[in-house]
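Encoded as structure tokens, the structure appears first; notes follow it.
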Amino acid sequence: MGETRHTRLLIIGSGPAGYTAGVYAARAMLEPLLVQGIEPGGQLTTTTEVENWPGDTEVQGPDLMVRMEAHARAVGCAIESDIITDLDLGERPFTARGDSGTTYTADAVILATGARAKWLGLPSEEKFKGFGVSACATCDGFFYRGQEIVVVGGGNTAVEEALFLTNFASKVTLIHRRDELRAEKVLQDRLFNNPKVETLWFHTLDEVVGTEDPLGVEGVRVRDVRTGAVSEIACKGVFIAIGHAPANELVKDRLETHHGGYVKVEPGTTRTSVPGVFAAGDITDHVYRQAVTSAGMGCMAALDAEKFLAELGVAEGAEAAE
Ligand code: FAD
Ligand code: NAP
């Protein structure tokens, strides 16, 4: 049997939200323990240049996350290389089981497990990821100035990404499998009124095609779902925007969620439906999903947890005095 470790504050996740929570909680003398999960450093370790992290005109995503980890360690946050496989929020202290065999008990928990863009699952999509295929227009749109781009999807994300990309691209083709968008009407109006956007209804993306050396996108093969006819569209960038999935496996039956599984928090706070459990970053954010907003929520979660633990300490002190 593995060991049991108790901590006042357990932070689950090592993206910008988790590490920022670690920095604030350690500096508040909460002696937090952070579990990194399967992707130490989170989503930014899967990208190259990050050009919108304040203070760095350009920084490599993996470098930024190494620095955040070092910062959290330097101020006293304990960091464990482990994956939480089960989280019991039924009573305090909360209990988290690690894949390593360690059981963690905690008076408060910050959940910072992030979200994942959904992908189509095509081999060619995988091949050109980071070389013309992206799931983040805010991150990568700038690289396609004056180029033709395609966007796949019909929800709010796809329409917002398509509109944002018109700031850079000479033309944006939105490819959707039906002839009706899921996106809000106001966004649809903006899309249909934008002269740079063309919509291709009843089509799916079959294959991304491009050059080998250097690796780069030259176009996409698309299929008409009504006739099966395949055609090609020339483009330099392909943005997949078919939805995001919050990494909510640990809590989806234990905490209130909304907007397709994002953990619900009280507006203006990081408090979830269970007192003592706080959520920060992409796991609770169906709108912004940025490194800086995640870091901001990590800070909020640590401050909310500090207040909760202080009040808990006062209550326990009062109980002990009775
Ligand atoms: P994440 O970064 O998703 O981290 C989640 C963490 O939770 C990971 O460490 C994971 O290991 C951990 N975890 C998950 N499950 C468990 C578990 N069971 N047990 C323990 N740990 C667990 N944003 C920008 O602002 N600028 C950019 O340029 C930019 N570029 C991007 C490029 C790409 C390719 C992608 C995919 C995203 C990009 N983003 C960018 C978005 C940004 O990365 C996210 O908004 C941000 O990383 C979210 O931070 P987070 O801390 O909420 O979660
Ligand atoms: P979404 O609403 O689930 O839309 C996904 C879109 O991708 C749908 O149009 C879907 O087609 C299409 N799609 C899914 N799988 C596909 C596949 N395999 N091949 C081709 N197309 C596929 O996802 P989202 O747009 O990311 O939005 C997620 C949530 O966040 C929603 O609640 C949304 O309102 C919210 N959101 C809000 C804002 C905002 O408020 N500004 C912005 C972004 C997101 P079908 O329509 O045919 O199913």
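Residues in the structure tokens are numbered from 1 in each chain, the chains being A, B, ... in the order shown, and ligands are numbered from 1 in the order shown.
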
Near segment 101-124 of chain A, 12 Å: segment 175-244 of chain A residue rows, closest pairs, only C-alpha atoms, as JSON lines:
{"residue": "A:Thr204", "atom": "CA", "partner": "A:Leu120", "partner_atom": "CA", "distance": 9.9}
{"residue": "A:Leu205", "atom": "CA", "partner": "A:Leu120", "partner_atom": "CA", "distance": 8.5}
{"residue": "A:Asp206", "atom": "CA", "partner": "A:Leu122", "partner_atom": "CA", "distance": 7.7}
{"residue": "A:Glu207", "atom": "CA", "partner": "A:Ser124", "partner_atom": "CA", "distance": 6.0}
{"residue": "A:Val208", "atom": "CA", "partner": "A:Ser124", "partner_atom": "CA", "distance": 5.4}
{"residue": "A:Val209", "atom": "CA", "partner": "A:Ser124", "partner_atom": "CA", "distance": 7.2}
{"residue": "A:Gly210", "atom": "CA", "partner": "A:Ser124", "partner_atom": "CA", "distance": 9.2}
{"residue": "A:Thr211", "atom": "CA", "partner": "A:Ser124", "partner_atom": "CA", "distance": 11.5}
{"residue": "A:Glu212", "atom": "CA", "partner": "A:Ser124", "partner_atom": "CA", "distance": 11.7}
{"residue": "A:Leu215", "atom": "CA", "partner": "A:Ser124", "partner_atom": "CA", "distance": 11.5}
{"residue": "A:Gly216", "atom": "CA", "partner": "A:Ser124", "partner_atom": "CA", "distance": 11.2}
{"residue": "A:Val217", "atom": "CA", "partner": "A:Ser124", "partner_atom": "CA", "distance": 10.0}
{"residue": "A:Gly219", "atom": "CA", "partner": "A:Ser124", "partner_atom": "CA", "distance": 11.3}
{"residue": "A:Val220", "atom": "CA", "partner": "A:Ser124", "partner_atom": "CA", "distance": 9.8}
{"residue": "A:Arg221", "atom": "CA", "partner": "A:Ser124", "partner_atom": "CA", "distance": 10.7}
{"residue": "A:Val238", "atom": "CA", "partner": "A:Ser124", "partner_atom": "CA", "distance": 11.3}
{"residue": "A:Phe239", "atom": "CA", "partner": "A:Trp119", "partner_atom": "CA", "distance": 10.0}
{"residue": "A:Ile240", "atom": "CA", "partner": "A:Trp119", "partner_atom": "CA", "distance": 6.7}
{"residue": "A:Ala241", "atom": "CA", "partner": "A:Lys118", "partner_atom": "CA", "distance": 7.6}
{"residue": "A:Ile242", "atom": "CA", "partner": "A:Lys118", "partner_atom": "CA", "distance": 6.2}
{"residue": "A:Gly243", "atom": "CA", "partner": "A:Lys118", "partner_atom": "CA", "distance": 5.7}
{"residue": "A:His244", "atom": "CA", "partner": "A:Ala117", "partner_atom": "CA", "distance": 4.3}

With only C-alpha atoms and all ligand atoms counted, collect every polymer residue having an atom within 8 Å of ligand 2; state the result as a compact mmCIF listing (two decimals) with N, CA and C atoms, in the first residue's frame.
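Below you can see out.txt, which holds the result:
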# COMPACT_ATOMS: atom_id res chain seq x y z
N LYS A 118 -10.99 19.64 -29.37
CA LYS A 118 -11.30 18.37 -30.03
C LYS A 118 -10.68 18.40 -31.43
N TRP A 119 -10.24 17.24 -31.88
CA TRP A 119 -9.65 17.13 -33.22
C TRP A 119 -10.48 16.16 -34.05
N LEU A 120 -10.29 16.21 -35.37
CA LEU A 120 -11.06 15.32 -36.24
C LEU A 120 -10.55 13.89 -36.17
N VAL A 152 -12.85 24.72 -39.79
CA VAL A 152 -13.83 23.63 -39.78
C VAL A 152 -14.67 23.74 -38.51
N GLY A 153 -16.01 23.71 -38.67
CA GLY A 153 -16.90 23.75 -37.51
C GLY A 153 -18.05 24.70 -37.75
N GLY A 154 -19.07 24.62 -36.89
CA GLY A 154 -20.24 25.47 -37.08
C GLY A 154 -20.77 26.07 -35.80
N GLY A 155 -19.99 25.99 -34.73
CA GLY A 155 -20.42 26.53 -33.44
C GLY A 155 -19.87 27.93 -33.22
N ASN A 156 -20.06 28.44 -32.00
CA ASN A 156 -19.55 29.77 -31.66
C ASN A 156 -18.05 29.87 -31.88
N THR A 157 -17.34 28.80 -31.47
CA THR A 157 -15.87 28.85 -31.59
C THR A 157 -15.47 29.02 -33.05
N ALA A 158 -16.05 28.20 -33.93
CA ALA A 158 -15.67 28.25 -35.35
C ALA A 158 -15.96 29.62 -35.93
N VAL A 159 -17.12 30.18 -35.61
CA VAL A 159 -17.49 31.48 -36.19
C VAL A 159 -16.60 32.58 -35.62
N GLU A 160 -16.36 32.53 -34.31
CA GLU A 160 -15.47 33.55 -33.71
C GLU A 160 -14.05 33.44 -34.28
N HIS A 176 -18.54 23.55 -43.08
CA HIS A 176 -19.45 22.98 -42.07
C HIS A 176 -20.21 21.80 -42.67
N ARG A 177 -20.48 20.82 -41.81
CA ARG A 177 -21.08 19.57 -42.31
C ARG A 177 -22.57 19.67 -42.58
N ARG A 178 -23.20 20.74 -42.11
CA ARG A 178 -24.63 20.94 -42.38
C ARG A 178 -24.79 22.29 -43.09
N GLU A 180 -26.57 24.74 -41.57
CA GLU A 180 -27.06 25.61 -40.51
C GLU A 180 -25.98 25.67 -39.43
N LEU A 181 -25.72 26.87 -38.97
CA LEU A 181 -24.70 27.01 -37.93
C LEU A 181 -25.34 26.89 -36.56
N ARG A 182 -24.55 26.39 -35.63
CA ARG A 182 -24.96 26.30 -34.24
C ARG A 182 -24.70 27.63 -33.51
N ALA A 183 -23.86 28.44 -34.11
CA ALA A 183 -23.42 29.69 -33.46
C ALA A 183 -24.58 30.66 -33.24
N GLU A 184 -24.39 31.55 -32.27
CA GLU A 184 -25.40 32.57 -31.98
C GLU A 184 -25.69 33.40 -33.22
N THR A 204 -17.29 18.03 -45.34
CA THR A 204 -16.38 17.63 -44.26
C THR A 204 -14.96 17.62 -44.80
N LEU A 205 -14.03 17.73 -43.87
CA LEU A 205 -12.61 17.72 -44.28
C LEU A 205 -12.14 16.26 -44.32
N ALA A 241 -12.10 23.79 -35.40
CA ALA A 241 -12.85 24.47 -34.32
C ALA A 241 -14.15 23.71 -34.09
N ILE A 242 -14.03 22.45 -33.73
CA ILE A 242 -15.22 21.60 -33.58
C ILE A 242 -15.57 21.39 -32.10
N GLY A 243 -15.08 22.27 -31.26
CA GLY A 243 -15.44 22.22 -29.84
C GLY A 243 -14.25 21.94 -28.94
N HIS A 244 -14.46 22.23 -27.67
CA HIS A 244 -13.45 21.95 -26.65
C HIS A 244 -14.06 21.04 -25.62
N HIS A 259 -22.53 24.45 -19.80
CA HIS A 259 -21.94 24.69 -21.13
C HIS A 259 -21.14 23.49 -21.62
N GLY A 260 -21.68 22.30 -21.46
CA GLY A 260 -21.00 21.12 -22.00
C GLY A 260 -19.90 20.59 -21.11
N HIS A 286 -15.45 28.47 -20.53
CA HIS A 286 -15.86 28.08 -21.88
C HIS A 286 -15.75 29.24 -22.86
N VAL A 287 -15.26 30.36 -22.40
CA VAL A 287 -15.24 31.55 -23.25
C VAL A 287 -13.82 31.97 -23.68
N TYR A 288 -12.93 32.23 -22.71
CA TYR A 288 -11.65 32.87 -23.05
C TYR A 288 -10.54 31.87 -23.37

### Message
Would you pick out the contacts of Phe142 of chain A at 9 Å or less, using only C-alpha atoms, so that residues sharing its chain but fewer than 3 positions from it are not included, and give the list as a ChimeraX atom specification?
### Response
/A:137-139,145,165,167-169

Mind writing the picked residues with C-alpha atoms as a short mmCIF file (atom, residue, chain, number, x, y, z; two decimals), in the first residue's frame?
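Generated output (part30.cif):
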data_model
loop_
_atom_site.label_atom_id
_atom_site.label_comp_id
_atom_site.auth_asym_id
_atom_site.auth_seq_id
_atom_site.Cartn_x
_atom_site.Cartn_y
_atom_site.Cartn_z
CA ALA A 137 -6.78 31.28 -33.93
CA THR A 138 -5.79 33.72 -31.19
CA CYS A 139 -2.47 31.92 -30.87
CA ARG A 145 -1.11 37.39 -42.85
CA LEU A 165 -8.84 35.28 -38.73
CA ASN A 167 -7.94 40.31 -39.43
CA PHE A 168 -4.99 38.53 -41.02
CA ALA A 169 -6.13 36.32 -43.89
#

### Task
Check segment 96-136 of chain A with DSSP on the backbone and list each residue it calls strand (DSSP E), as a VMD selection string.
chain A and resid 96 to 98 103 to 111 115 to 117 133 to 134

### Message
With distances taken over only C-alpha atoms, which residue among A:Gln188, A:Ser294, A:Thr284, A:Asn193 lies nearest Gln43 of chain A?
### Response
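Looking only at the distances to Gln43 of chain A, the closest residue turns out to be A:Ser294.
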
Can you pull out the residues contacting Asp285 of chain A? Cut-off 10 Å, using only C-alpha atoms, and skip same-chain residues under 3 positions away; I want them as a short mmCIF file (atom, residue, chain, number, x, y, z; two decimals) with all heavy atoms, in the first residue's frame.
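Output saved as part.cif:
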data_model
loop_
_atom_site.label_atom_id
_atom_site.label_comp_id
_atom_site.auth_asym_id
_atom_site.auth_seq_id
_atom_site.Cartn_x
_atom_site.Cartn_y
_atom_site.Cartn_z
N GLY A 114 -7.67 21.93 -16.77
CA GLY A 114 -7.63 22.42 -18.15
C GLY A 114 -8.73 21.89 -19.07
O GLY A 114 -9.74 21.33 -18.63
N ALA A 115 -8.55 22.11 -20.36
CA ALA A 115 -9.49 21.64 -21.39
C ALA A 115 -8.69 21.25 -22.61
O ALA A 115 -7.54 21.65 -22.77
CB ALA A 115 -10.48 22.74 -21.74
N PRO A 246 -13.71 20.06 -21.68
CA PRO A 246 -13.03 20.30 -20.40
C PRO A 246 -12.57 18.98 -19.80
O PRO A 246 -13.25 17.96 -19.94
CB PRO A 246 -14.12 20.94 -19.54
CG PRO A 246 -15.41 20.53 -20.17
CD PRO A 246 -15.14 20.34 -21.63
N HIS A 259 -22.53 24.45 -19.80
CA HIS A 259 -21.94 24.69 -21.13
C HIS A 259 -21.14 23.49 -21.62
O HIS A 259 -20.01 23.65 -22.12
CB HIS A 259 -21.03 25.94 -21.11
CG HIS A 259 -21.77 27.21 -20.83
ND1 HIS A 259 -22.63 27.78 -21.73
CD2 HIS A 259 -21.77 28.02 -19.74
CE1 HIS A 259 -23.13 28.89 -21.23
NE2 HIS A 259 -22.64 29.05 -20.02
N TYR A 262 -18.16 22.22 -18.42
CA TYR A 262 -17.25 23.12 -17.70
C TYR A 262 -17.71 23.27 -16.25
O TYR A 262 -18.92 23.41 -16.00
CB TYR A 262 -17.18 24.50 -18.38
CG TYR A 262 -16.46 24.44 -19.71
CD1 TYR A 262 -17.14 24.11 -20.88
CD2 TYR A 262 -15.10 24.67 -19.79
CE1 TYR A 262 -16.49 24.02 -22.10
CE2 TYR A 262 -14.43 24.58 -21.00
CZ TYR A 262 -15.12 24.25 -22.15
OH TYR A 262 -14.47 24.16 -23.35
N VAL A 263 -16.77 23.23 -15.32
CA VAL A 263 -17.12 23.31 -13.90
C VAL A 263 -17.68 24.71 -13.60
O VAL A 263 -17.07 25.73 -13.95
CB VAL A 263 -15.89 23.00 -13.02
CG1 VAL A 263 -16.20 23.29 -11.55
CG2 VAL A 263 -15.48 21.55 -13.20
N LYS A 264 -18.86 24.69 -12.96
CA LYS A 264 -19.55 25.95 -12.68
C LYS A 264 -18.97 26.59 -11.42
O LYS A 264 -18.78 25.90 -10.42
CB LYS A 264 -21.03 25.63 -12.47
CG LYS A 264 -21.95 26.77 -12.56
CD LYS A 264 -23.38 26.28 -12.53
CE LYS A 264 -24.34 27.45 -12.46
NZ LYS A 264 -25.71 27.00 -12.37
N VAL A 265 -18.69 27.88 -11.49
CA VAL A 265 -18.23 28.61 -10.30
C VAL A 265 -19.18 29.78 -10.05
O VAL A 265 -19.85 30.26 -10.98
CB VAL A 265 -16.79 29.14 -10.46
CG1 VAL A 265 -15.78 28.02 -10.44
CG2 VAL A 265 -16.63 30.01 -11.70
N ALA A 279 -12.16 26.05 -8.65
CA ALA A 279 -11.78 25.68 -10.02
C ALA A 279 -11.20 26.89 -10.73
O ALA A 279 -11.72 28.01 -10.61
CB ALA A 279 -13.00 25.15 -10.78
N ALA A 280 -10.11 26.66 -11.47
CA ALA A 280 -9.42 27.76 -12.14
C ALA A 280 -8.94 27.33 -13.52
O ALA A 280 -8.55 26.18 -13.71
CB ALA A 280 -8.22 28.20 -11.29
N GLY A 281 -8.95 28.27 -14.46
CA GLY A 281 -8.41 28.00 -15.79
C GLY A 281 -9.44 27.39 -16.73
O GLY A 281 -10.65 27.52 -16.53
N ASP A 282 -8.94 26.72 -17.77
CA ASP A 282 -9.81 26.23 -18.84
C ASP A 282 -10.89 25.27 -18.36
O ASP A 282 -11.92 25.12 -19.03
CB ASP A 282 -8.96 25.53 -19.92
CG ASP A 282 -8.27 26.52 -20.85
OD1 ASP A 282 -8.24 27.73 -20.53
OD2 ASP A 282 -7.75 26.08 -21.88
N TYR A 288 -12.93 32.23 -22.71
CA TYR A 288 -11.65 32.87 -23.05
C TYR A 288 -10.54 31.87 -23.37
O TYR A 288 -9.81 32.03 -24.34
CB TYR A 288 -11.20 33.80 -21.91
CG TYR A 288 -12.22 34.85 -21.58
CD1 TYR A 288 -12.97 34.77 -20.41
CD2 TYR A 288 -12.45 35.90 -22.44
CE1 TYR A 288 -13.92 35.73 -20.10
CE2 TYR A 288 -13.40 36.87 -22.15
CZ TYR A 288 -14.14 36.77 -20.97
OH TYR A 288 -15.07 37.71 -20.69
N ARG A 289 -10.34 30.90 -22.48
CA ARG A 289 -9.35 29.84 -22.69
C ARG A 289 -7.98 30.36 -23.14
O ARG A 289 -7.46 29.98 -24.18
CB ARG A 289 -9.90 28.81 -23.67
CG ARG A 289 -11.06 28.02 -23.11
CD ARG A 289 -11.47 26.89 -24.00
NE ARG A 289 -12.03 27.31 -25.24
CZ ARG A 289 -13.29 27.14 -25.62
NH1 ARG A 289 -14.13 26.49 -24.85
NH2 ARG A 289 -13.70 27.55 -26.79
N GLN A 290 -7.39 31.23 -22.34
CA GLN A 290 -6.07 31.78 -22.63
C GLN A 290 -5.14 31.53 -21.44
O GLN A 290 -5.61 31.33 -20.31
CB GLN A 290 -6.17 33.29 -22.89
CG GLN A 290 -6.97 33.65 -24.11
CD GLN A 290 -6.32 33.16 -25.39
OE1 GLN A 290 -5.20 33.54 -25.73
NE2 GLN A 290 -7.00 32.29 -26.11
N THR A 293 -5.62 34.38 -18.77
CA THR A 293 -6.86 34.31 -17.99
C THR A 293 -6.79 33.13 -17.02
O THR A 293 -7.28 33.19 -15.90
CB THR A 293 -8.10 34.20 -18.90
OG1 THR A 293 -7.86 33.20 -19.90
CG2 THR A 293 -8.43 35.50 -19.58
N SER A 294 -6.15 32.04 -17.46
CA SER A 294 -6.00 30.87 -16.58
C SER A 294 -5.13 31.23 -15.39
O SER A 294 -5.43 30.87 -14.24
CB SER A 294 -5.38 29.70 -17.35
OG SER A 294 -6.22 29.33 -18.40
N MET A 297 -7.09 33.29 -12.98
CA MET A 297 -8.02 32.48 -12.16
C MET A 297 -7.27 31.64 -11.13
O MET A 297 -7.79 31.36 -10.05
CB MET A 297 -8.87 31.60 -13.06
CG MET A 297 -9.98 32.37 -13.74
SD MET A 297 -11.03 31.24 -14.66
CE MET A 297 -10.50 31.59 -16.30
#

### Query
With only C-alpha atoms as the basis for distance, which of A:Leu30, A:Ala291, A:Ile11, A:Ala96 is at the shortest distance from Met65 of chain A?
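Closest to Met65 of chain A of all the choices is A:Ala291.
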
### Task
Compare A:Val292, A:Cys77, A:Val172, A:Ala301 by their minimum atom-to-atom distance to Leu44 of chain A, counting only C-alpha atoms, and give me the closest one.
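Under the stated criterion, the closest residue is A:Val292.
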
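Between atom CA of Asp99 of chain A and atom CA of His71 of chain A the interatomic distance comes to 25.5 Å.
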
### Task
Could you check which of A:Pro62, A:Gly2, A:Pro40, A:Gly98 is closest to ligand 1, using only C-alpha atoms and all ligand atoms?
A:Pro40

### Message
Counting only C-alpha atoms, which residue out of A:Ala25, A:Ile84, A:Ile79, A:Ile283 sits closest to Ala247 of chain A?
### Response
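Counting only C-alpha atoms, the residue closest to Ala247 of chain A is A:Ile283.
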
### Task
May I have the residues within 10 Å of Glu266 of chain A as a PyMOL selection string, using only C-alpha atoms and disregarding those fewer than 6 positions away in the same chain?
chain A and resi 272-273+278

How would the residues just chosen look if you wrote them out with N, CA and C atoms as a PDB file, in the first residue's frame?
ATOM      1  N   THR A 272     -16.721  26.460  -6.341  1.00  0.00           N
ATOM      2  CA  THR A 272     -17.578  25.509  -7.053  1.00  0.00           C
ATOM      3  C   THR A 272     -18.786  25.173  -6.171  1.00  0.00           C
ATOM      4  N   SER A 273     -19.541  24.167  -6.579  1.00  0.00           N
ATOM      5  CA  SER A 273     -20.744  23.790  -5.818  1.00  0.00           C
ATOM      6  C   SER A 273     -20.404  23.059  -4.519  1.00  0.00           C
ATOM      7  N   PHE A 278     -12.225  24.615  -5.367  1.00  0.00           N
ATOM      8  CA  PHE A 278     -12.148  25.796  -6.227  1.00  0.00           C
ATOM      9  C   PHE A 278     -11.689  25.358  -7.620  1.00  0.00           C
TER      10      PHE A 278
END
